[in-house]
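Structure file data-v4.tsv (TSV, C-alpha atoms) follows.
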```tsv
chain	number	residue	atom	x	y	z
A	1	MET	CA	0.00	0.00	0.00
A	2	SER	CA	1.58	3.27	-1.06
A	3	GLU	CA	1.71	6.22	1.31
A	4	ASN	CA	-0.53	9.18	0.57
A	5	LYS	CA	1.55	12.22	-0.46
A	6	TYR	CA	-0.18	14.38	2.17
A	7	LEU	CA	0.51	11.85	4.90
A	8	LYS	CA	4.14	11.70	3.82
A	9	GLN	CA	4.33	15.52	3.88
A	10	ALA	CA	2.77	15.59	7.38
A	11	LYS	CA	5.29	13.04	8.66
A	12	GLU	CA	8.16	15.08	7.25
A	13	GLU	CA	6.81	18.25	8.87
A	14	LEU	CA	6.43	16.46	12.20
A	15	ALA	CA	9.98	15.18	12.01
A	16	TYR	CA	11.21	18.71	11.26
A	17	LEU	CA	9.22	20.23	14.13
A	18	SER	CA	10.26	17.47	16.52
A	19	ASP	CA	13.88	18.61	16.17
A	20	ASP	CA	13.05	22.29	16.92
A	21	PRO	CA	13.81	23.03	20.62
A	22	ASP	CA	11.38	25.99	20.72
A	23	PHE	CA	8.56	23.87	19.36
A	24	GLN	CA	9.40	21.08	21.82
A	25	LEU	CA	9.19	23.58	24.69
A	26	PHE	CA	5.85	24.83	23.38
A	27	VAL	CA	4.45	21.29	23.15
A	28	GLU	CA	5.66	20.42	26.65
A	29	SER	CA	4.19	23.62	28.08
A	30	ARG	CA	0.85	23.05	26.36
A	31	ALA	CA	0.73	19.43	27.55
A	32	GLY	CA	1.48	20.58	31.11
A	33	MET	CA	-1.28	23.16	30.99
A	34	LEU	CA	-3.79	20.59	29.71
A	35	ARG	CA	-2.76	18.19	32.52
A	36	ASP	CA	-3.26	20.97	35.08
A	37	ILE	CA	-6.71	21.80	33.73
A	38	GLU	CA	-7.76	18.16	33.80
A	39	CYS	CA	-6.47	17.79	37.37
A	40	MET	CA	-8.36	20.89	38.49
A	41	LYS	CA	-11.56	19.55	36.93
A	42	ARG	CA	-11.16	16.20	38.70
A	43	CYS	CA	-10.51	17.95	42.02
A	44	GLY	CA	-13.68	20.02	41.66
A	45	TYR	CA	-11.94	23.35	41.08
A	46	ARG	CA	-14.09	26.02	39.48
A	47	ASP	CA	-12.87	29.27	38.01
A	48	GLY	CA	-15.58	31.37	39.64
A	49	ARG	CA	-17.36	32.55	36.50
A	50	GLU	CA	-20.31	30.20	36.97
A	51	ASP	CA	-20.60	31.14	40.64
A	52	GLY	CA	-20.43	34.83	39.74
A	53	LEU	CA	-23.19	34.48	37.17
A	54	LYS	CA	-25.39	32.58	39.63
A	55	ASP	CA	-24.75	35.18	42.35
A	56	GLY	CA	-25.58	37.98	39.91
A	57	LYS	CA	-28.85	36.32	38.92
A	58	ILE	CA	-29.81	35.83	42.56
A	59	GLU	CA	-28.97	39.45	43.42
A	60	GLY	CA	-30.97	40.62	40.41
A	61	LYS	CA	-34.01	38.59	41.45
A	62	ILE	CA	-33.83	39.88	45.02
A	63	GLU	CA	-33.45	43.47	43.83
A	64	GLY	CA	-36.36	43.05	41.43
A	65	LYS	CA	-38.59	41.65	44.15
A	66	MET	CA	-37.68	44.49	46.50
A	67	GLU	CA	-38.40	47.08	43.82
A	68	GLY	CA	-41.72	45.38	43.08
A	69	LYS	CA	-42.72	45.43	46.75
A	70	MET	CA	-41.77	49.09	47.07
A	71	GLU	CA	-43.76	49.95	43.97
A	72	GLU	CA	-46.73	48.07	45.41
A	73	LYS	CA	-46.45	50.01	48.70
A	74	ILE	CA	-46.23	53.32	46.85
A	75	ASN	CA	-49.28	52.54	44.70
A	76	LEU	CA	-51.22	51.52	47.80
A	77	ALA	CA	-50.15	54.68	49.64
A	78	LYS	CA	-51.23	56.84	46.70
A	79	LYS	CA	-54.68	55.26	46.75
A	80	MET	CA	-54.92	55.75	50.50
A	81	LYS	CA	-53.86	59.39	50.23
A	82	ALA	CA	-56.38	59.95	47.46
A	83	LYS	CA	-59.09	58.65	49.84
A	84	LYS	CA	-57.85	61.13	52.46
A	85	MET	CA	-56.76	58.48	54.96
A	86	PRO	CA	-54.73	59.77	57.92
A	87	LEU	CA	-50.95	59.73	57.32
A	88	ASP	CA	-50.36	57.74	60.51
A	89	ASP	CA	-52.63	54.95	59.21
A	90	ILE	CA	-50.89	54.94	55.83
A	91	ILE	CA	-47.48	54.77	57.52
A	92	GLU	CA	-48.63	51.88	59.71
A	93	LEU	CA	-50.18	49.90	56.84
A	94	THR	CA	-47.50	50.47	54.17
A	95	GLY	CA	-44.34	50.75	56.25
A	96	LEU	CA	-43.36	53.89	54.32
A	97	THR	CA	-41.93	56.88	56.17
A	98	LYS	CA	-43.60	60.26	56.48
A	99	GLU	CA	-40.90	61.72	54.18
A	100	GLU	CA	-41.58	59.07	51.53
A	101	LEU	CA	-45.32	59.75	51.71
A	102	ASN	CA	-44.82	63.52	51.38
A	103	LYS	CA	-42.90	62.96	48.12
A	104	LEU	CA	-45.82	61.13	46.52
A	105	ASN	CA	-47.85	63.04	43.98
A	106	VAL	CA	-51.49	62.14	44.23
A	107	SER	CA	-54.01	63.39	41.71
```
If you took the structure in this file and wrote it as structure tokens, what would it be?
Amino acid sequence: MSENKYLKQAKEELAYLSDDPDFQLFVESRAGMLRDIECMKRCGYRDGREDGLKDGKIEGKIEGKMEGKMEEKINLAKKMKAKKMPLDDIIELTGLTKEELNKLNVS
């Protein structure tokens, strides 16, 4: 069976590169890095990106819920002010401060 010309060319190139000390150093370094990565994966090491993304999503959900609750309190307080309820009752029921209630524009 005759050798394919491309396979022969690849073997010649490999032989040439195998004699190059810089290329040998590169190959050894790359192999070491790949071994380190594999070892870290087996040991359960994580680079933190996944954890950071999860933390960011959780923080975003919490912030969104808090904003939603505040918006709900404000809307309720506006309705109560529009019905001329006493400020002390609105403060007690909504948990908003007197300063926050005074900033609300009620039509």
Here is a test: counting all atoms listed in the file, which residue of A:Leu17, A:Val106, A:Ile58, A:Ala31 is nearest to Lys83 (chain A)?
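Once distances to Lys83 (chain A) are computed over all atoms listed in the file, the minimum belongs to A:Val106.
Look at region 96-101 of chain A: the protein and nucleic acid residues within 12 Å of it, using only C-alpha atoms and passing over chain neighbours fewer than 3 places away, are Lys69, Met70, Glu71, Glu72, Lys73, Ile74, Asn75, Leu76, Ala77, Lys78, Lys79, Met80, Lys81, Ala82, Met85, Pro86, Leu87, Asp88, Asp89, Ile90, Ile91, Glu92, Leu93, Leu104, Asn105 and Val106 of chain A.
Taking CA of Phe26 (chain A) and CA of Tyr45 (chain A) as endpoints, the distance between them is 25.1 Å.
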Any chance you could work out the axis-aligned box around region 38-47 of chain A, listed atoms only, 4 Å on each side, giving centre and edge lengths in Å to one decimal, as JSON?
```
{"center_x": -10.3, "center_y": 22.7, "center_z": 37.9, "size_x": 15.6, "size_y": 21.1, "size_z": 16.2}
```
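For the atom pair formed by CA of Leu14 (chain A) and CA of Arg35 (chain A), the distance is 22.4 Å, given to one decimal.
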Could you tell me how far CA of Glu63 (chain A) lies from CA of Asn102 (chain A), in Å and to one decimal?
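Distance reported for this atom pair: 24.3 Å.
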